[in-house]
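Enquirer: Hey, dropping query-v3.txt in here, compact mmCIF, N, CA and C atoms and all ligand atoms:
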# COMPACT_ATOMS: atom_id res chain seq x y z
N MET R 135 -27.90 4.02 -2.89
CA MET R 135 -28.12 2.63 -3.23
C MET R 135 -26.89 2.12 -3.96
N LYS R 136 -26.36 1.01 -3.45
CA LYS R 136 -25.20 0.39 -4.09
C LYS R 136 -25.69 -0.46 -5.25
N GLY R 137 -25.01 -0.37 -6.39
CA GLY R 137 -25.40 -1.17 -7.54
C GLY R 137 -24.22 -1.91 -8.12
N GLY R 138 -24.51 -2.70 -9.15
CA GLY R 138 -23.46 -3.43 -9.84
C GLY R 138 -23.87 -4.86 -10.12
N HIS R 139 -22.89 -5.67 -10.37
CA HIS R 139 -23.10 -7.10 -10.60
C HIS R 139 -22.91 -7.83 -9.27
N ILE R 140 -23.51 -8.98 -9.17
CA ILE R 140 -23.32 -9.83 -7.99
C ILE R 140 -22.34 -10.93 -8.37
N PHE R 141 -21.29 -11.10 -7.55
CA PHE R 141 -20.27 -12.10 -7.86
C PHE R 141 -19.71 -12.71 -6.59
N THR R 142 -18.97 -13.80 -6.74
CA THR R 142 -18.38 -14.54 -5.62
C THR R 142 -17.00 -13.96 -5.26
N ARG R 143 -16.42 -14.45 -4.16
CA ARG R 143 -15.08 -14.01 -3.75
C ARG R 143 -14.04 -14.39 -4.80
N ALA R 144 -14.22 -15.52 -5.47
CA ALA R 144 -13.25 -15.93 -6.49
C ALA R 144 -13.20 -14.87 -7.60
N THR R 145 -14.36 -14.36 -8.02
CA THR R 145 -14.40 -13.31 -9.03
C THR R 145 -13.83 -12.01 -8.47
N LEU R 146 -14.19 -11.71 -7.22
CA LEU R 146 -13.66 -10.50 -6.58
C LEU R 146 -12.13 -10.52 -6.58
N ASP R 147 -11.54 -11.66 -6.27
CA ASP R 147 -10.08 -11.78 -6.23
C ASP R 147 -9.46 -11.51 -7.60
N GLU R 148 -10.21 -11.79 -8.67
CA GLU R 148 -9.70 -11.53 -10.02
C GLU R 148 -9.81 -10.05 -10.39
N ILE R 149 -10.92 -9.38 -10.00
CA ILE R 149 -11.14 -8.01 -10.46
C ILE R 149 -10.62 -6.94 -9.50
N ALA R 150 -10.47 -7.28 -8.21
CA ALA R 150 -10.05 -6.28 -7.23
C ALA R 150 -8.71 -5.63 -7.56
N PRO R 151 -7.71 -6.40 -8.04
CA PRO R 151 -6.43 -5.75 -8.35
C PRO R 151 -6.55 -4.68 -9.44
N VAL R 152 -7.55 -4.82 -10.32
CA VAL R 152 -7.75 -3.86 -11.41
C VAL R 152 -8.60 -2.69 -10.95
N LEU R 153 -9.69 -2.98 -10.22
CA LEU R 153 -10.67 -1.93 -9.87
C LEU R 153 -10.45 -1.31 -8.50
N GLY R 154 -9.65 -1.94 -7.65
CA GLY R 154 -9.50 -1.44 -6.29
C GLY R 154 -10.77 -1.71 -5.50
N PRO R 155 -10.88 -1.10 -4.31
CA PRO R 155 -12.06 -1.36 -3.47
C PRO R 155 -13.29 -0.68 -4.06
N ALA R 156 -14.16 -1.45 -4.69
CA ALA R 156 -15.33 -0.88 -5.35
C ALA R 156 -16.59 -1.67 -5.03
N GLU R 157 -16.44 -2.77 -4.29
CA GLU R 157 -17.57 -3.65 -4.01
C GLU R 157 -17.95 -3.58 -2.54
N ILE R 158 -19.12 -4.09 -2.21
CA ILE R 158 -19.44 -4.37 -0.82
C ILE R 158 -19.96 -5.80 -0.74
N GLN R 159 -19.74 -6.40 0.42
CA GLN R 159 -20.21 -7.77 0.62
C GLN R 159 -21.69 -7.73 0.98
N ILE R 160 -22.48 -8.64 0.39
CA ILE R 160 -23.92 -8.66 0.64
C ILE R 160 -24.40 -9.99 1.21
N ALA R 161 -23.55 -11.01 1.19
CA ALA R 161 -23.88 -12.32 1.76
C ALA R 161 -22.57 -13.03 2.04
N ILE R 162 -22.63 -14.26 2.57
CA ILE R 162 -21.41 -14.93 3.02
C ILE R 162 -20.36 -15.02 1.91
N ASP R 163 -20.73 -15.36 0.69
CA ASP R 163 -19.76 -15.41 -0.40
C ASP R 163 -20.25 -14.65 -1.62
N LEU R 164 -20.99 -13.57 -1.39
CA LEU R 164 -21.48 -12.76 -2.51
C LEU R 164 -21.18 -11.29 -2.28
N PHE R 165 -20.81 -10.63 -3.37
CA PHE R 165 -20.44 -9.23 -3.35
C PHE R 165 -21.20 -8.52 -4.47
N ILE R 166 -21.37 -7.19 -4.35
CA ILE R 166 -21.98 -6.42 -5.42
C ILE R 166 -21.05 -5.27 -5.75
N GLY R 167 -20.88 -5.05 -7.04
CA GLY R 167 -20.00 -3.97 -7.48
C GLY R 167 -19.78 -4.04 -8.97
N PRO R 168 -18.92 -3.16 -9.48
CA PRO R 168 -18.62 -3.17 -10.91
C PRO R 168 -17.72 -4.36 -11.27
N CYS R 169 -17.83 -4.81 -12.53
CA CYS R 169 -16.96 -5.89 -13.01
C CYS R 169 -15.88 -5.39 -13.95
N ASP R 170 -16.01 -4.14 -14.43
CA ASP R 170 -14.93 -3.59 -15.24
C ASP R 170 -14.84 -2.08 -15.04
N ALA R 171 -13.78 -1.51 -15.54
CA ALA R 171 -13.48 -0.11 -15.28
C ALA R 171 -14.57 0.83 -15.80
N ASP R 172 -15.24 0.48 -16.91
CA ASP R 172 -16.28 1.34 -17.46
C ASP R 172 -17.48 1.45 -16.52
N GLU R 173 -17.69 0.43 -15.71
CA GLU R 173 -18.85 0.41 -14.80
C GLU R 173 -18.54 1.03 -13.44
N ARG R 174 -17.27 1.25 -13.16
CA ARG R 174 -16.86 1.61 -11.80
C ARG R 174 -17.56 2.87 -11.29
N GLU R 175 -17.52 3.95 -12.05
CA GLU R 175 -18.09 5.23 -11.60
C GLU R 175 -19.57 5.08 -11.22
N GLY R 176 -20.34 4.41 -12.06
CA GLY R 176 -21.77 4.28 -11.82
C GLY R 176 -22.14 3.31 -10.72
N ALA R 177 -21.20 2.45 -10.33
CA ALA R 177 -21.50 1.44 -9.32
C ALA R 177 -20.98 1.82 -7.93
N MET R 178 -20.38 3.00 -7.81
CA MET R 178 -19.78 3.40 -6.54
C MET R 178 -20.78 4.17 -5.67
N ILE R 179 -20.64 4.02 -4.34
CA ILE R 179 -21.38 4.89 -3.43
C ILE R 179 -20.46 5.93 -2.81
N PHE R 180 -19.16 5.81 -3.07
CA PHE R 180 -18.17 6.76 -2.58
C PHE R 180 -18.32 7.02 -1.09
N SER R 181 -18.32 5.95 -0.32
CA SER R 181 -18.38 6.05 1.13
C SER R 181 -17.08 5.52 1.71
N ASN R 182 -16.36 6.40 2.39
CA ASN R 182 -15.14 6.00 3.06
C ASN R 182 -15.48 5.42 4.42
N HIS R 183 -14.49 4.83 5.08
CA HIS R 183 -14.72 4.34 6.44
C HIS R 183 -14.61 5.49 7.43
N SER R 184 -15.44 5.47 8.46
CA SER R 184 -15.25 6.31 9.64
C SER R 184 -15.72 5.54 10.85
N CYS R 185 -15.05 5.77 11.98
CA CYS R 185 -15.48 5.17 13.25
C CYS R 185 -16.66 5.96 13.84
N ASP R 186 -17.00 7.09 13.24
CA ASP R 186 -18.18 7.86 13.63
C ASP R 186 -18.93 8.24 12.34
N PRO R 187 -19.57 7.25 11.72
CA PRO R 187 -20.11 7.42 10.36
C PRO R 187 -21.35 8.30 10.30
N ASN R 188 -21.63 8.80 9.08
CA ASN R 188 -22.85 9.60 8.89
C ASN R 188 -23.90 8.85 8.07
N ILE R 189 -23.56 7.68 7.50
CA ILE R 189 -24.56 6.85 6.84
C ILE R 189 -24.41 5.41 7.33
N GLY R 190 -25.49 4.65 7.20
CA GLY R 190 -25.48 3.25 7.61
C GLY R 190 -26.30 2.43 6.64
N VAL R 191 -26.04 1.13 6.58
CA VAL R 191 -26.71 0.26 5.63
C VAL R 191 -28.01 -0.28 6.22
N GLN R 192 -29.00 -0.38 5.36
CA GLN R 192 -30.28 -1.03 5.68
C GLN R 192 -30.44 -2.17 4.69
N GLY R 193 -30.58 -3.38 5.19
CA GLY R 193 -30.62 -4.52 4.27
C GLY R 193 -29.21 -4.83 3.82
N GLN R 194 -28.95 -4.71 2.50
CA GLN R 194 -27.62 -5.01 1.99
C GLN R 194 -27.05 -3.89 1.12
N ILE R 195 -27.91 -3.16 0.43
CA ILE R 195 -27.40 -2.18 -0.55
C ILE R 195 -27.96 -0.78 -0.38
N VAL R 196 -28.89 -0.59 0.54
CA VAL R 196 -29.49 0.72 0.75
C VAL R 196 -28.78 1.41 1.92
N PHE R 197 -28.27 2.61 1.68
CA PHE R 197 -27.61 3.38 2.73
C PHE R 197 -28.47 4.58 3.09
N VAL R 198 -28.60 4.83 4.40
CA VAL R 198 -29.43 5.94 4.89
C VAL R 198 -28.59 6.85 5.79
N ALA R 199 -29.00 8.11 5.88
CA ALA R 199 -28.32 9.07 6.76
C ALA R 199 -28.57 8.70 8.21
N LEU R 200 -27.52 8.76 9.03
CA LEU R 200 -27.66 8.50 10.47
C LEU R 200 -27.80 9.80 11.24
N ARG R 201 -27.52 10.91 10.57
CA ARG R 201 -27.64 12.25 11.17
C ARG R 201 -27.69 13.24 10.02
N GLU R 202 -27.85 14.52 10.37
CA GLU R 202 -27.81 15.56 9.34
C GLU R 202 -26.45 15.53 8.65
N ILE R 203 -26.45 15.63 7.32
CA ILE R 203 -25.21 15.63 6.55
C ILE R 203 -25.15 16.93 5.77
N ALA R 204 -24.10 17.68 5.99
CA ALA R 204 -23.95 18.98 5.33
C ALA R 204 -23.65 18.80 3.84
N THR R 205 -24.06 19.76 3.03
CA THR R 205 -23.73 19.75 1.60
C THR R 205 -22.22 19.70 1.44
N GLY R 206 -21.76 18.74 0.66
CA GLY R 206 -20.32 18.62 0.42
C GLY R 206 -19.59 17.78 1.44
N GLU R 207 -20.26 17.39 2.53
CA GLU R 207 -19.61 16.55 3.55
C GLU R 207 -19.37 15.15 3.00
N GLU R 208 -18.21 14.58 3.30
CA GLU R 208 -17.89 13.23 2.85
C GLU R 208 -18.84 12.22 3.48
N LEU R 209 -19.34 11.29 2.66
CA LEU R 209 -20.17 10.21 3.18
C LEU R 209 -19.27 9.12 3.74
N THR R 210 -19.62 8.65 4.94
CA THR R 210 -18.82 7.60 5.57
C THR R 210 -19.74 6.59 6.24
N HIS R 211 -19.33 5.33 6.16
CA HIS R 211 -19.99 4.31 6.98
C HIS R 211 -18.91 3.51 7.68
N ASP R 212 -19.25 2.88 8.78
CA ASP R 212 -18.29 2.05 9.49
C ASP R 212 -18.23 0.72 8.78
N TRP R 213 -17.06 0.39 8.25
CA TRP R 213 -16.93 -0.84 7.46
C TRP R 213 -17.19 -2.08 8.30
N ALA R 214 -17.19 -1.92 9.64
CA ALA R 214 -17.56 -3.05 10.51
C ALA R 214 -18.98 -3.51 10.22
N THR R 215 -19.82 -2.61 9.68
CA THR R 215 -21.23 -2.94 9.45
C THR R 215 -21.47 -3.63 8.11
N THR R 216 -20.43 -3.70 7.26
CA THR R 216 -20.62 -4.32 5.94
C THR R 216 -19.59 -5.40 5.64
N ASP R 217 -18.46 -5.43 6.34
CA ASP R 217 -17.35 -6.29 5.93
C ASP R 217 -17.16 -7.51 6.83
N ASP R 218 -16.84 -8.63 6.20
CA ASP R 218 -16.40 -9.83 6.91
C ASP R 218 -15.22 -10.36 6.10
N ASP R 219 -14.03 -9.91 6.46
CA ASP R 219 -12.88 -10.14 5.60
C ASP R 219 -11.60 -10.24 6.45
N ASP R 220 -10.46 -10.48 5.80
CA ASP R 220 -9.22 -10.73 6.52
C ASP R 220 -8.31 -9.50 6.66
N TYR R 221 -8.75 -8.33 6.23
CA TYR R 221 -7.84 -7.18 6.24
C TYR R 221 -7.70 -6.54 7.62
N SER R 222 -6.65 -5.76 7.77
CA SER R 222 -6.41 -4.94 8.95
C SER R 222 -5.70 -3.69 8.46
N MET R 223 -6.15 -2.51 8.90
CA MET R 223 -5.48 -1.28 8.46
C MET R 223 -5.61 -0.19 9.51
N THR R 224 -4.66 0.72 9.48
CA THR R 224 -4.68 1.87 10.37
C THR R 224 -5.80 2.80 9.94
N CYS R 225 -6.57 3.27 10.92
CA CYS R 225 -7.65 4.21 10.61
C CYS R 225 -7.19 5.62 10.92
N ARG R 226 -7.45 6.51 10.00
CA ARG R 226 -7.10 7.91 10.18
C ARG R 226 -8.34 8.79 10.09
N CYS R 227 -9.49 8.25 10.55
CA CYS R 227 -10.74 9.02 10.42
C CYS R 227 -10.72 10.27 11.29
N GLY R 228 -9.91 10.25 12.35
CA GLY R 228 -9.76 11.46 13.15
C GLY R 228 -10.90 11.76 14.10
N THR R 229 -11.84 10.84 14.27
CA THR R 229 -12.95 11.10 15.17
C THR R 229 -12.54 10.75 16.60
N THR R 230 -13.30 11.26 17.57
CA THR R 230 -12.98 11.00 18.98
C THR R 230 -13.17 9.54 19.34
N THR R 231 -13.96 8.80 18.55
CA THR R 231 -14.21 7.38 18.83
C THR R 231 -13.38 6.45 17.93
N CYS R 232 -12.35 7.00 17.28
CA CYS R 232 -11.54 6.20 16.35
C CYS R 232 -10.92 4.99 17.06
N ARG R 233 -11.04 3.82 16.40
CA ARG R 233 -10.49 2.59 16.96
C ARG R 233 -8.99 2.45 16.70
N GLY R 234 -8.42 3.32 15.87
CA GLY R 234 -6.99 3.27 15.58
C GLY R 234 -6.63 2.26 14.51
N VAL R 235 -7.09 1.06 14.67
CA VAL R 235 -6.90 0.00 13.67
C VAL R 235 -8.27 -0.60 13.41
N ILE R 236 -8.62 -0.76 12.15
CA ILE R 236 -9.87 -1.45 11.82
C ILE R 236 -9.53 -2.74 11.09
N THR R 237 -10.39 -3.73 11.29
CA THR R 237 -10.17 -5.01 10.64
C THR R 237 -11.48 -5.47 9.98
N GLY R 238 -11.34 -6.45 9.10
CA GLY R 238 -12.51 -7.01 8.45
C GLY R 238 -13.35 -7.89 9.36
N ARG R 239 -12.91 -8.05 10.61
CA ARG R 239 -13.68 -8.84 11.58
C ARG R 239 -14.23 -7.97 12.71
N ASP R 240 -14.22 -6.66 12.53
CA ASP R 240 -14.72 -5.78 13.60
C ASP R 240 -16.19 -6.00 13.91
N TRP R 241 -16.94 -6.59 12.97
CA TRP R 241 -18.36 -6.86 13.24
C TRP R 241 -18.52 -7.79 14.44
N GLN R 242 -17.46 -8.56 14.79
CA GLN R 242 -17.53 -9.49 15.92
C GLN R 242 -17.36 -8.79 17.27
N ASN R 243 -16.95 -7.51 17.26
CA ASN R 243 -16.76 -6.73 18.48
C ASN R 243 -18.12 -6.46 19.13
N LYS R 244 -18.28 -6.94 20.37
CA LYS R 244 -19.59 -6.84 21.06
C LYS R 244 -20.02 -5.38 21.23
N GLU R 245 -19.06 -4.49 21.51
CA GLU R 245 -19.40 -3.07 21.68
C GLU R 245 -19.95 -2.49 20.37
N LEU R 246 -19.31 -2.86 19.24
CA LEU R 246 -19.79 -2.37 17.94
C LEU R 246 -21.13 -3.01 17.59
N GLN R 247 -21.33 -4.26 18.00
CA GLN R 247 -22.62 -4.91 17.75
C GLN R 247 -23.75 -4.14 18.44
N ARG R 248 -23.47 -3.62 19.65
CA ARG R 248 -24.48 -2.80 20.34
C ARG R 248 -24.63 -1.44 19.66
N LYS R 249 -23.49 -0.81 19.35
CA LYS R 249 -23.52 0.54 18.75
C LYS R 249 -24.28 0.55 17.42
N TYR R 250 -24.09 -0.50 16.64
CA TYR R 250 -24.66 -0.51 15.29
C TYR R 250 -25.84 -1.45 15.12
N HIS R 251 -26.45 -1.84 16.22
CA HIS R 251 -27.61 -2.74 16.11
C HIS R 251 -28.65 -2.10 15.19
N GLY R 252 -29.07 -2.85 14.17
CA GLY R 252 -30.07 -2.32 13.23
C GLY R 252 -29.46 -1.72 11.98
N ILE R 253 -28.15 -1.49 11.98
CA ILE R 253 -27.53 -0.96 10.76
C ILE R 253 -26.34 -1.82 10.31
N PHE R 254 -26.35 -3.09 10.67
CA PHE R 254 -25.42 -4.03 10.06
C PHE R 254 -26.04 -4.54 8.77
N SER R 255 -25.19 -4.88 7.81
CA SER R 255 -25.68 -5.54 6.62
C SER R 255 -26.42 -6.82 7.04
N TRP R 256 -27.45 -7.14 6.28
CA TRP R 256 -28.34 -8.26 6.59
C TRP R 256 -27.58 -9.53 6.95
N TYR R 257 -26.56 -9.88 6.16
CA TYR R 257 -25.88 -11.15 6.41
C TYR R 257 -25.09 -11.12 7.71
N LEU R 258 -24.54 -9.94 8.08
CA LEU R 258 -23.81 -9.83 9.34
C LEU R 258 -24.76 -9.85 10.53
N GLN R 259 -25.90 -9.17 10.40
CA GLN R 259 -26.87 -9.19 11.49
C GLN R 259 -27.35 -10.61 11.75
N ARG R 260 -27.52 -11.39 10.67
CA ARG R 260 -27.91 -12.80 10.83
C ARG R 260 -26.81 -13.58 11.57
N LYS R 261 -25.54 -13.31 11.22
CA LYS R 261 -24.44 -13.99 11.92
C LYS R 261 -24.43 -13.62 13.40
N ILE R 262 -24.64 -12.35 13.70
CA ILE R 262 -24.64 -11.89 15.09
C ILE R 262 -25.81 -12.52 15.84
N ASP R 263 -26.99 -12.48 15.23
CA ASP R 263 -28.19 -12.99 15.90
C ASP R 263 -28.15 -14.50 16.08
N HIS R 264 -27.46 -15.18 15.21
CA HIS R 264 -27.44 -16.64 15.26
C HIS R 264 -26.02 -17.16 15.42
N ALA R 265 -25.20 -16.46 16.24
CA ALA R 265 -23.78 -16.78 16.39
C ALA R 265 -23.58 -18.25 16.78
N ALA R 266 -24.37 -18.75 17.66
CA ALA R 266 -24.20 -20.15 18.09
C ALA R 266 -24.42 -21.11 16.93
N ASP R 267 -25.44 -20.83 16.11
CA ASP R 267 -25.71 -21.69 14.96
C ASP R 267 -24.53 -21.66 13.98
N TYR R 268 -23.98 -20.46 13.72
CA TYR R 268 -22.87 -20.36 12.78
C TYR R 268 -21.63 -21.06 13.31
N LEU R 269 -21.41 -20.96 14.63
CA LEU R 269 -20.24 -21.64 15.19
C LEU R 269 -20.35 -23.14 14.99
N ARG R 270 -21.56 -23.67 15.13
CA ARG R 270 -21.76 -25.10 14.90
C ARG R 270 -21.50 -25.46 13.45
N ILE R 271 -21.94 -24.61 12.51
CA ILE R 271 -21.76 -24.90 11.09
C ILE R 271 -20.28 -24.83 10.71
N GLU R 272 -19.57 -23.77 11.22
CA GLU R 272 -18.18 -23.57 10.84
C GLU R 272 -17.24 -24.53 11.56
N ASN R 273 -17.64 -25.05 12.72
CA ASN R 273 -16.79 -25.95 13.50
C ASN R 273 -17.58 -27.20 13.89
N PRO R 274 -17.95 -28.02 12.90
CA PRO R 274 -18.75 -29.20 13.22
C PRO R 274 -17.99 -30.14 14.16
N ALA R 275 -18.73 -30.80 15.02
CA ALA R 275 -18.12 -31.70 16.01
C ALA R 275 -17.53 -32.94 15.35
ZN ZN O 1 -11.30 5.64 12.89
What does the file become when written as structure tokens?
Ligand SMILES: [Zn+2]

Expert:
Amino acid sequence: MKGGHIFTRATLDEIAPVLGPAEIQIAIDLFIGPCDADEREGAMIFSNHSCDPNIGVQGQIVFVALREIATGEELTHDWATTDDDDYSMTCRCGTTTCRGVITGRDWQNKELQRKYHGIFSWYLQRKIDHAADYLRIENPA
């Protein structure tokens, strides 16, 4: 279970340079995570990205196993299922399904939408399910 404070992107932009990646997005402009260094350890789920993840999100903050996870195995989720952001980075997960480059917009990939149906964060699943409505809102005539 991911914990912490709930804050906007403006606050995230202020604290991210100090805390590094410690939050997850839970709604269009809301994030959950620590707000200072003393809270960081207790607010982390310590899940790295993988293109073949072993955990997935249910709702917004609950993560569940997608398969058997060995003791000591690193927890990973596909950040495509939680992120809607502007980043792009090389992936070195080393799995046979590695995309090579991951971006904060990978949730828009139709293949990933099929692969991860049911384990996208709530706000992303709503965007996927109601894509036409969101396009109208973001690009009014
Ligand atoms: Zn990868």

Enquirer: Give me, please, the distance in Å between CA of Ile253 in chain R and CA of Thr231 in chain R, quoted to one decimal.

Expert: 17.7 Å

Enquirer: To test your reading of the structure, identify every residue in range 139-243 of chain R that backbone DSSP assigns to alpha helix (DSSP H), and report it as a PyMOL selection string.

Expert: chain R and resi 143-153+171-177

Enquirer: Could you save the residues just selected, with N, CA and C atoms, as a short mmCIF file (atom, residue, chain, number, x, y, z; two decimals), in the frame of the given file?

Expert:
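As a result, selection35.cif now contains:
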data_model
loop_
_atom_site.label_atom_id
_atom_site.label_comp_id
_atom_site.auth_asym_id
_atom_site.auth_seq_id
_atom_site.Cartn_x
_atom_site.Cartn_y
_atom_site.Cartn_z
N ARG R 143 -16.42 -14.45 -4.16
CA ARG R 143 -15.08 -14.01 -3.75
C ARG R 143 -14.04 -14.39 -4.80
N ALA R 144 -14.22 -15.52 -5.47
CA ALA R 144 -13.25 -15.93 -6.49
C ALA R 144 -13.20 -14.87 -7.60
N THR R 145 -14.36 -14.36 -8.02
CA THR R 145 -14.40 -13.31 -9.03
C THR R 145 -13.83 -12.01 -8.47
N LEU R 146 -14.19 -11.71 -7.22
CA LEU R 146 -13.66 -10.50 -6.58
C LEU R 146 -12.13 -10.52 -6.58
N ASP R 147 -11.54 -11.66 -6.27
CA ASP R 147 -10.08 -11.78 -6.23
C ASP R 147 -9.46 -11.51 -7.60
N GLU R 148 -10.21 -11.79 -8.67
CA GLU R 148 -9.70 -11.53 -10.02
C GLU R 148 -9.81 -10.05 -10.39
N ILE R 149 -10.92 -9.38 -10.00
CA ILE R 149 -11.14 -8.01 -10.46
C ILE R 149 -10.62 -6.94 -9.50
N ALA R 150 -10.47 -7.28 -8.21
CA ALA R 150 -10.05 -6.28 -7.23
C ALA R 150 -8.71 -5.63 -7.56
N PRO R 151 -7.71 -6.40 -8.04
CA PRO R 151 -6.43 -5.75 -8.35
C PRO R 151 -6.55 -4.68 -9.44
N VAL R 152 -7.55 -4.82 -10.32
CA VAL R 152 -7.75 -3.86 -11.41
C VAL R 152 -8.60 -2.69 -10.95
N LEU R 153 -9.69 -2.98 -10.22
CA LEU R 153 -10.67 -1.93 -9.87
C LEU R 153 -10.45 -1.31 -8.50
N ALA R 171 -13.78 -1.51 -15.54
CA ALA R 171 -13.48 -0.11 -15.28
C ALA R 171 -14.57 0.83 -15.80
N ASP R 172 -15.24 0.48 -16.91
CA ASP R 172 -16.28 1.34 -17.46
C ASP R 172 -17.48 1.45 -16.52
N GLU R 173 -17.69 0.43 -15.71
CA GLU R 173 -18.85 0.41 -14.80
C GLU R 173 -18.54 1.03 -13.44
N ARG R 174 -17.27 1.25 -13.16
CA ARG R 174 -16.86 1.61 -11.80
C ARG R 174 -17.56 2.87 -11.29
N GLU R 175 -17.52 3.95 -12.05
CA GLU R 175 -18.09 5.23 -11.60
C GLU R 175 -19.57 5.08 -11.22
N GLY R 176 -20.34 4.41 -12.06
CA GLY R 176 -21.77 4.28 -11.82
C GLY R 176 -22.14 3.31 -10.72
N ALA R 177 -21.20 2.45 -10.33
CA ALA R 177 -21.50 1.44 -9.32
C ALA R 177 -20.98 1.82 -7.93
#

Enquirer: As a list in words, please: the residues near Met135 in chain R (cut-off 6 Å, all atoms listed in the file, same-chain neighbours under 6 positions excluded).

Expert: Ile195, Val196 and Phe197 of chain R

Enquirer: Show me which residues line ligand ZN 1 (chain O), defined as having an atom within 6 Å of a ligand atom where only C-alpha atoms and all ligand atoms count, and present them as a short mmCIF file (atom, residue, chain, number, x, y, z; two decimals) with N, CA and C atoms, in the coordinates of the input.

Expert:
data_model
loop_
_atom_site.label_atom_id
_atom_site.label_comp_id
_atom_site.auth_asym_id
_atom_site.auth_seq_id
_atom_site.Cartn_x
_atom_site.Cartn_y
_atom_site.Cartn_z
N SER R 184 -15.44 5.47 8.46
CA SER R 184 -15.25 6.31 9.64
C SER R 184 -15.72 5.54 10.85
N CYS R 185 -15.05 5.77 11.98
CA CYS R 185 -15.48 5.17 13.25
C CYS R 185 -16.66 5.96 13.84
N CYS R 225 -6.57 3.27 10.92
CA CYS R 225 -7.65 4.21 10.61
C CYS R 225 -7.19 5.62 10.92
N ARG R 226 -7.45 6.51 10.00
CA ARG R 226 -7.10 7.91 10.18
C ARG R 226 -8.34 8.79 10.09
N CYS R 227 -9.49 8.25 10.55
CA CYS R 227 -10.74 9.02 10.42
C CYS R 227 -10.72 10.27 11.29
N CYS R 232 -12.35 7.00 17.28
CA CYS R 232 -11.54 6.20 16.35
C CYS R 232 -10.92 4.99 17.06
N ARG R 233 -11.04 3.82 16.40
CA ARG R 233 -10.49 2.59 16.96
C ARG R 233 -8.99 2.45 16.70
N GLY R 234 -8.42 3.32 15.87
CA GLY R 234 -6.99 3.27 15.58
C GLY R 234 -6.63 2.26 14.51
#

Enquirer: At a cut-off of 8 Å, using all atoms listed in the file, what residues contact range 161-169 of chain R? Leave out same-chain residues fewer than 6 positions from it and give the result as a list in words.

Expert: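 Those residues are Lys136, Gly137, Gly138, His139, Ile140, Phe141, Thr142, Arg143, Ala144, Leu146, Ile149, Leu153, Glu175, Gly176, Ala177, Met178, Gln194, Ser255, Trp256, Tyr257 and Leu258 of chain R.
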
Enquirer: I'd like the contact shell of Thr237 in chain R - 6 Å cut-off, only N, CA and C atoms, skipping same-chain residues fewer than 6 positions apart - returned as a list in words.

Expert: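 My reading of the contact set: Asp219, Tyr221, Ser222 and Met223 of chain R.
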
Enquirer: Might you pull out every residue within 10 Å of Trp241 in chain R, with only C-alpha atoms counted and same-chain residues fewer than 4 positions away left off, and present them as an mmCIF file with N, CA and C atoms, keeping the file's coordinate frame?

Expert:
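Once written, part_19.cif looks like this:
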data_model
loop_
_atom_site.group_PDB
_atom_site.id
_atom_site.type_symbol
_atom_site.label_atom_id
_atom_site.label_comp_id
_atom_site.auth_asym_id
_atom_site.auth_seq_id
_atom_site.Cartn_x
_atom_site.Cartn_y
_atom_site.Cartn_z
ATOM 1 N N ASP R 212 -19.250 2.880 8.780
ATOM 2 C CA ASP R 212 -18.290 2.050 9.490
ATOM 3 C C ASP R 212 -18.230 0.720 8.780
ATOM 4 N N TRP R 213 -17.060 0.390 8.250
ATOM 5 C CA TRP R 213 -16.930 -0.840 7.460
ATOM 6 C C TRP R 213 -17.190 -2.080 8.300
ATOM 7 N N ALA R 214 -17.190 -1.920 9.640
ATOM 8 C CA ALA R 214 -17.560 -3.050 10.510
ATOM 9 C C ALA R 214 -18.980 -3.510 10.220
ATOM 10 N N THR R 215 -19.820 -2.610 9.680
ATOM 11 C CA THR R 215 -21.230 -2.940 9.450
ATOM 12 C C THR R 215 -21.470 -3.630 8.110
ATOM 13 N N THR R 216 -20.430 -3.700 7.260
ATOM 14 C CA THR R 216 -20.620 -4.320 5.940
ATOM 15 C C THR R 216 -19.590 -5.400 5.640
ATOM 16 N N ASP R 217 -18.460 -5.430 6.340
ATOM 17 C CA ASP R 217 -17.350 -6.290 5.930
ATOM 18 C C ASP R 217 -17.160 -7.510 6.830
ATOM 19 N N ASP R 218 -16.840 -8.630 6.200
ATOM 20 C CA ASP R 218 -16.400 -9.830 6.910
ATOM 21 C C ASP R 218 -15.220 -10.360 6.100
ATOM 22 N N ASP R 219 -14.030 -9.910 6.460
ATOM 23 C CA ASP R 219 -12.880 -10.140 5.600
ATOM 24 C C ASP R 219 -11.600 -10.240 6.450
ATOM 25 N N THR R 237 -10.390 -3.730 11.290
ATOM 26 C CA THR R 237 -10.170 -5.010 10.640
ATOM 27 C C THR R 237 -11.480 -5.470 9.980
ATOM 28 N N GLU R 245 -19.060 -4.490 21.510
ATOM 29 C CA GLU R 245 -19.400 -3.070 21.680
ATOM 30 C C GLU R 245 -19.950 -2.490 20.370
ATOM 31 N N LEU R 246 -19.310 -2.860 19.240
ATOM 32 C CA LEU R 246 -19.790 -2.370 17.940
ATOM 33 C C LEU R 246 -21.130 -3.010 17.590
ATOM 34 N N GLN R 247 -21.330 -4.260 18.000
ATOM 35 C CA GLN R 247 -22.620 -4.910 17.750
ATOM 36 C C GLN R 247 -23.750 -4.140 18.440
ATOM 37 N N TYR R 250 -24.090 -0.500 16.640
ATOM 38 C CA TYR R 250 -24.660 -0.510 15.290
ATOM 39 C C TYR R 250 -25.840 -1.450 15.120
ATOM 40 N N PHE R 254 -26.350 -3.090 10.670
ATOM 41 C CA PHE R 254 -25.420 -4.030 10.060
ATOM 42 C C PHE R 254 -26.040 -4.540 8.770
ATOM 43 N N SER R 255 -25.190 -4.880 7.810
ATOM 44 C CA SER R 255 -25.680 -5.540 6.620
ATOM 45 C C SER R 255 -26.420 -6.820 7.040
ATOM 46 N N LEU R 258 -24.540 -9.940 8.080
ATOM 47 C CA LEU R 258 -23.810 -9.830 9.340
ATOM 48 C C LEU R 258 -24.760 -9.850 10.530
ATOM 49 N N GLN R 259 -25.900 -9.170 10.400
ATOM 50 C CA GLN R 259 -26.870 -9.190 11.490
ATOM 51 C C GLN R 259 -27.350 -10.610 11.750
ATOM 52 N N LYS R 261 -25.540 -13.310 11.220
ATOM 53 C CA LYS R 261 -24.440 -13.990 11.920
ATOM 54 C C LYS R 261 -24.430 -13.620 13.400
ATOM 55 N N ILE R 262 -24.640 -12.350 13.700
ATOM 56 C CA ILE R 262 -24.640 -11.890 15.090
ATOM 57 C C ILE R 262 -25.810 -12.520 15.840
#
